[in-house]
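A short worksheet on the structure shown next.
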Amino acid sequence: MNNSTAVDVFIDGGIIAYPTEAVFGLGCDPDNKMAVENLLRLKKRPVEKGLILLAANYSQLLPYIEDGLIPQDKRFEVLSRWPNGITQVVPKNKLTPAWLTGRFDTIAVRVTDQPDVVALCKQINKPIVSTSANLTGEEPAKTWQAIEQNSALSSKVDFIIKGQTLGFTQPSTIIDALTGETFRS
């Protein structure tokens, strides 16, 4: 896949490594069940845990969330947290597949301003699955070089976007968008 682009790999159901706010992420097309299953297998991550969707803007998340269940008085609060390293758990759309949400009736979503991810999401006009670039239990990769040096990862990743994280020191905080409860800080 030497001449492929990240968009080509995404469309073909491949796995992409890319920079986020603090660490590198692994992602794929959220609507491609086989791609998501391959990603979960690579990470050794159980499907029950669910995944994060990372988008360039809120409208890209609308097909996956139940926007009508976000009360009007909470909407400004939810939207004002982005773009930033804050992942918000929101009600899922009834059509959103379990391979994204796991055992939950919610879905974790984030709008980023990391330029490489924004460019990719705008080109594909949808969010990308986002999970840290590591095998479960290992430290997440913070650079594309770290991914290339980890043969367990690099041999299974179809494309690496060779950009830089935004320099945050911790992976995204995960909160319940409606209650403000923090799941990971």
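In the structure tokens, chains take the letters A, B, ... in the order shown, each chain's residues start at 1, and ligands count up from 1 in the order shown.
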
Members of segment 96-168 of chain A assigned alpha helix (DSSP H) by DSSP, as a ChimeraX atom specification: /A:98-101,115-124,144-149,151-154

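For segment 19-139 of chain A, a DSSP pass over the backbone yields strand (DSSP E) at Pro19, Phe24, Gly25, Leu26, Gly27, Ile52, Leu53, Leu54, Ala55, Ile86, Thr87, Gln88, Val89, Val90, Pro91, Thr106, Ile107, Ala108, Val109, Arg110, Val111, Ile128, Val129, Ser130, Thr131 and Ser132 of chain A.
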
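The two atoms in question, atom CA of Arg81 of chain A and atom CA of Val118 of chain A, are spaced 16.7 Å apart.
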
Residues near Met34 of chain A, cut-off 10 Å, only C-alpha atoms, skip fewer than 6 positions along chain, as number ranges by chain: A: 13-14, 28, 40, 99

Excluding same-chain residues fewer than 6 positions from segment 168-185 of chain A, what lies within 7 Å of it counting only C-alpha atoms, as a PDB file with all heavy atoms, in the first residue's frame?
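Below is the file out_10.pdb, written as the result:
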ATOM      1  N   GLU A  21      -4.823  14.429  20.381  1.00  0.00           N
ATOM      2  CA  GLU A  21      -4.384  15.527  21.233  1.00  0.00           C
ATOM      3  C   GLU A  21      -3.138  15.161  22.038  1.00  0.00           C
ATOM      4  O   GLU A  21      -2.219  15.964  22.173  1.00  0.00           O
ATOM      5  CB  GLU A  21      -5.520  15.937  22.182  1.00  0.00           C
ATOM      6  CG  GLU A  21      -6.716  16.547  21.482  1.00  0.00           C
ATOM      7  CD  GLU A  21      -7.716  15.517  20.949  1.00  0.00           C
ATOM      8  OE1 GLU A  21      -7.500  14.298  21.133  1.00  0.00           O
ATOM      9  OE2 GLU A  21      -8.717  15.931  20.343  1.00  0.00           O
ATOM     10  N   ALA A  22      -3.090  13.938  22.598  1.00  0.00           N
ATOM     11  CA  ALA A  22      -1.986  13.553  23.489  1.00  0.00           C
ATOM     12  C   ALA A  22      -1.189  12.349  23.004  1.00  0.00           C
ATOM     13  O   ALA A  22       0.008  12.270  23.230  1.00  0.00           O
ATOM     14  CB  ALA A  22      -2.525  13.260  24.887  1.00  0.00           C
ATOM     15  N   VAL A  23      -1.855  11.391  22.404  1.00  0.00           N
ATOM     16  CA  VAL A  23      -1.206  10.150  21.970  1.00  0.00           C
ATOM     17  C   VAL A  23      -1.631   9.847  20.536  1.00  0.00           C
ATOM     18  O   VAL A  23      -2.484  10.520  19.978  1.00  0.00           O
ATOM     19  CB  VAL A  23      -1.590   8.959  22.885  1.00  0.00           C
ATOM     20  CG1 VAL A  23      -1.129   9.202  24.319  1.00  0.00           C
ATOM     21  CG2 VAL A  23      -3.074   8.670  22.837  1.00  0.00           C
ATOM     22  N   LYS A  74     -28.589  21.757  27.888  1.00  0.00           N
ATOM     23  CA  LYS A  74     -27.278  21.101  27.976  1.00  0.00           C
ATOM     24  C   LYS A  74     -26.484  21.244  26.670  1.00  0.00           C
ATOM     25  O   LYS A  74     -25.264  21.093  26.676  1.00  0.00           O
ATOM     26  CB  LYS A  74     -27.443  19.596  28.263  1.00  0.00           C
ATOM     27  CG  LYS A  74     -27.899  19.297  29.662  1.00  0.00           C
ATOM     28  CD  LYS A  74     -26.745  19.412  30.604  1.00  0.00           C
ATOM     29  CE  LYS A  74     -27.151  19.051  32.015  1.00  0.00           C
ATOM     30  NZ  LYS A  74     -26.117  19.359  32.952  1.00  0.00           N
ATOM     31  N   VAL A  78     -22.426  21.078  26.108  1.00  0.00           N
ATOM     32  CA  VAL A  78     -21.806  19.976  25.369  1.00  0.00           C
ATOM     33  C   VAL A  78     -20.925  20.531  24.252  1.00  0.00           C
ATOM     34  O   VAL A  78     -19.751  20.173  24.133  1.00  0.00           O
ATOM     35  CB  VAL A  78     -22.887  19.024  24.802  1.00  0.00           C
ATOM     36  CG1 VAL A  78     -22.290  18.038  23.814  1.00  0.00           C
ATOM     37  CG2 VAL A  78     -23.590  18.286  25.940  1.00  0.00           C
ATOM     38  N   GLY A  85      -9.497  18.108  24.259  1.00  0.00           N
ATOM     39  CA  GLY A  85      -9.248  16.716  24.589  1.00  0.00           C
ATOM     40  C   GLY A  85     -10.305  16.163  25.518  1.00  0.00           C
ATOM     41  O   GLY A  85      -9.971  15.497  26.487  1.00  0.00           O
ATOM     42  N   ILE A  86     -11.567  16.455  25.249  1.00  0.00           N
ATOM     43  CA  ILE A  86     -12.655  15.964  26.091  1.00  0.00           C
ATOM     44  C   ILE A  86     -13.569  15.063  25.267  1.00  0.00           C
ATOM     45  O   ILE A  86     -14.161  15.503  24.283  1.00  0.00           O
ATOM     46  CB  ILE A  86     -13.464  17.117  26.718  1.00  0.00           C
ATOM     47  CG1 ILE A  86     -12.551  17.950  27.627  1.00  0.00           C
ATOM     48  CG2 ILE A  86     -14.663  16.580  27.496  1.00  0.00           C
ATOM     49  CD1 ILE A  86     -13.216  19.160  28.229  1.00  0.00           C
ATOM     50  N   THR A  87     -13.633  13.805  25.669  1.00  0.00           N
ATOM     51  CA  THR A  87     -14.550  12.851  25.052  1.00  0.00           C
ATOM     52  C   THR A  87     -15.825  12.867  25.875  1.00  0.00           C
ATOM     53  O   THR A  87     -15.765  12.798  27.104  1.00  0.00           O
ATOM     54  CB  THR A  87     -13.923  11.445  25.042  1.00  0.00           C
ATOM     55  OG1 THR A  87     -12.738  11.492  24.238  1.00  0.00           O
ATOM     56  CG2 THR A  87     -14.883  10.409  24.486  1.00  0.00           C
ATOM     57  N   GLN A  88     -16.962  12.966  25.188  1.00  0.00           N
ATOM     58  CA  GLN A  88     -18.239  13.023  25.889  1.00  0.00           C
ATOM     59  C   GLN A  88     -19.082  11.802  25.534  1.00  0.00           C
ATOM     60  O   GLN A  88     -19.157  11.400  24.378  1.00  0.00           O
ATOM     61  CB  GLN A  88     -18.978  14.303  25.528  1.00  0.00           C
ATOM     62  CG  GLN A  88     -18.190  15.543  25.947  1.00  0.00           C
ATOM     63  CD  GLN A  88     -18.958  16.813  25.723  1.00  0.00           C
ATOM     64  OE1 GLN A  88     -19.859  17.126  26.499  1.00  0.00           O
ATOM     65  NE2 GLN A  88     -18.615  17.536  24.673  1.00  0.00           N
ATOM     66  N   VAL A  89     -19.685  11.232  26.547  1.00  0.00           N
ATOM     67  CA  VAL A  89     -20.566  10.090  26.365  1.00  0.00           C
ATOM     68  C   VAL A  89     -21.986  10.643  26.229  1.00  0.00           C
ATOM     69  O   VAL A  89     -22.471  11.358  27.103  1.00  0.00           O
ATOM     70  CB  VAL A  89     -20.439   9.120  27.557  1.00  0.00           C
ATOM     71  CG1 VAL A  89     -21.424   7.971  27.443  1.00  0.00           C
ATOM     72  CG2 VAL A  89     -19.000   8.603  27.657  1.00  0.00           C
ATOM     73  N   VAL A  90     -22.612  10.320  25.086  1.00  0.00           N
ATOM     74  CA  VAL A  90     -23.946  10.837  24.761  1.00  0.00           C
ATOM     75  C   VAL A  90     -24.863   9.670  24.382  1.00  0.00           C
ATOM     76  O   VAL A  90     -24.384   8.583  24.057  1.00  0.00           O
ATOM     77  CB  VAL A  90     -23.880  11.866  23.599  1.00  0.00           C
ATOM     78  CG1 VAL A  90     -23.065  13.086  23.998  1.00  0.00           C
ATOM     79  CG2 VAL A  90     -23.309  11.236  22.332  1.00  0.00           C
TER      80      VAL A  90
END

Selected residue, from A:Ala146, A:Leu135, A:Ile52, A:Leu61, that lies nearest to Leu100 of chain A when counting only C-alpha atoms: A:Ile52

Interatomic distance (Å, one decimal) between atom CA of Asp29 of chain A and atom CA of Asp8 of chain A: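 Between these atoms lies a distance of 11.2 Å.
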
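For the choices A:Ile11, A:Ile65, A:Val47, A:Ala133, the atom-to-atom distance to Val157 of chain A is smallest for A:Ala133 when using only C-alpha atoms.
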
Nearest to Thr96 of chain A, chosen from A:Glu66, A:Glu148, A:Glu48, A:Glu138, with only C-alpha atoms counted in the distances: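 Answer, going by the shortest atom-to-atom distance: A:Glu66.
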
Å distance separating atom CA of Pro97 of chain A from atom CA of Pro46 of chain A, one decimal place: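 Straight-line distance from atom CA of Pro97 of chain A to atom CA of Pro46 of chain A works out to 14.9 Å.
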
Distance query Phe159 of chain A at most 12 Å, only C-alpha atoms, self and fewer than 4 positions along chain excluded, as a PyMOL selection string: chain A and resi 1-10+12-18+25-28+144+147-148+153-155

Could the residues in this selection be written to a file with N, CA, C and O atoms, as a compact mmCIF listing (two decimals), in the first residue's frame?
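again-v8.txt, written as the output of this step:
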# COMPACT_ATOMS: atom_id res chain seq x y z
N MET A 1 0.83 -1.20 0.00
CA MET A 1 0.00 0.00 0.00
C MET A 1 0.87 1.26 0.00
O MET A 1 0.50 2.27 0.57
N ASN A 2 2.02 1.19 -0.65
CA ASN A 2 2.95 2.32 -0.61
C ASN A 2 2.37 3.60 -1.17
O ASN A 2 2.65 4.68 -0.68
N ASN A 3 1.58 3.51 -2.23
CA ASN A 3 1.06 4.71 -2.85
C ASN A 3 -0.32 5.09 -2.34
O ASN A 3 -0.93 6.02 -2.84
N SER A 4 -0.82 4.37 -1.37
CA SER A 4 -2.14 4.66 -0.82
C SER A 4 -2.10 5.91 0.04
O SER A 4 -1.08 6.27 0.60
N THR A 5 -3.25 6.51 0.16
CA THR A 5 -3.41 7.62 1.09
C THR A 5 -4.25 7.13 2.26
O THR A 5 -4.85 6.06 2.21
N ALA A 6 -4.31 7.94 3.31
CA ALA A 6 -5.14 7.58 4.47
C ALA A 6 -6.59 7.40 4.04
O ALA A 6 -7.27 6.50 4.53
N VAL A 7 -7.06 8.23 3.12
CA VAL A 7 -8.45 8.12 2.65
C VAL A 7 -8.66 6.79 1.94
O VAL A 7 -9.66 6.09 2.18
N ASP A 8 -7.72 6.40 1.07
CA ASP A 8 -7.83 5.12 0.36
C ASP A 8 -7.91 3.96 1.36
O ASP A 8 -8.73 3.05 1.22
N VAL A 9 -7.03 3.98 2.35
CA VAL A 9 -6.98 2.91 3.35
C VAL A 9 -8.29 2.87 4.14
O VAL A 9 -8.85 1.81 4.39
N PHE A 10 -8.80 4.04 4.52
CA PHE A 10 -10.07 4.14 5.24
C PHE A 10 -11.19 3.51 4.41
O PHE A 10 -11.94 2.66 4.90
N ASP A 12 -10.98 1.40 2.01
CA ASP A 12 -10.73 -0.03 1.79
C ASP A 12 -10.88 -0.86 3.07
O ASP A 12 -10.64 -2.06 3.05
N GLY A 13 -11.24 -0.22 4.19
CA GLY A 13 -11.44 -0.97 5.42
C GLY A 13 -10.18 -1.23 6.21
O GLY A 13 -10.15 -2.12 7.07
N GLY A 14 -9.13 -0.45 5.96
CA GLY A 14 -7.88 -0.64 6.67
C GLY A 14 -7.83 0.10 8.00
O GLY A 14 -8.75 0.83 8.36
N ILE A 15 -6.74 -0.12 8.71
CA ILE A 15 -6.51 0.51 10.01
C ILE A 15 -5.46 1.61 9.85
O ILE A 15 -4.40 1.38 9.26
N ILE A 16 -5.79 2.78 10.38
CA ILE A 16 -4.92 3.96 10.27
C ILE A 16 -4.43 4.34 11.66
O ILE A 16 -5.21 4.35 12.61
N ALA A 17 -3.15 4.67 11.76
CA ALA A 17 -2.60 5.26 12.99
C ALA A 17 -2.47 6.75 12.74
O ALA A 17 -2.05 7.17 11.67
N TYR A 18 -2.87 7.55 13.73
CA TYR A 18 -2.88 9.00 13.52
C TYR A 18 -2.70 9.73 14.85
O TYR A 18 -3.02 9.20 15.91
N GLY A 25 -3.58 7.52 17.90
CA GLY A 25 -4.76 6.68 17.91
C GLY A 25 -4.70 5.68 16.77
O GLY A 25 -3.96 5.84 15.80
N LEU A 26 -5.52 4.65 16.90
CA LEU A 26 -5.76 3.71 15.82
C LEU A 26 -7.22 3.85 15.45
O LEU A 26 -8.08 3.96 16.32
N GLY A 27 -7.51 3.85 14.16
CA GLY A 27 -8.89 4.02 13.76
C GLY A 27 -9.19 3.39 12.43
O GLY A 27 -8.32 2.91 11.71
N CYS A 28 -10.49 3.42 12.12
CA CYS A 28 -11.01 2.85 10.89
C CYS A 28 -12.40 3.42 10.65
O CYS A 28 -12.88 4.25 11.42
N TRP A 144 4.69 8.78 15.74
CA TRP A 144 4.58 7.79 14.66
C TRP A 144 5.81 6.89 14.64
O TRP A 144 5.72 5.72 14.27
N ILE A 147 5.29 3.88 16.76
CA ILE A 147 4.45 2.85 16.11
C ILE A 147 5.30 2.04 15.15
O ILE A 147 5.24 0.81 15.14
N GLU A 148 6.12 2.72 14.34
CA GLU A 148 6.97 2.00 13.40
C GLU A 148 7.93 1.05 14.10
O GLU A 148 8.26 -0.01 13.58
N LEU A 153 2.45 -3.64 16.40
CA LEU A 153 1.51 -2.64 15.86
C LEU A 153 1.76 -2.38 14.38
O LEU A 153 0.84 -2.46 13.57
N SER A 154 3.00 -2.06 14.04
CA SER A 154 3.29 -1.61 12.68
C SER A 154 2.97 -2.67 11.63
O SER A 154 2.57 -2.33 10.52
N SER A 155 3.07 -3.93 11.99
CA SER A 155 2.78 -4.99 11.01
C SER A 155 1.29 -5.11 10.73
O SER A 155 0.88 -5.71 9.74
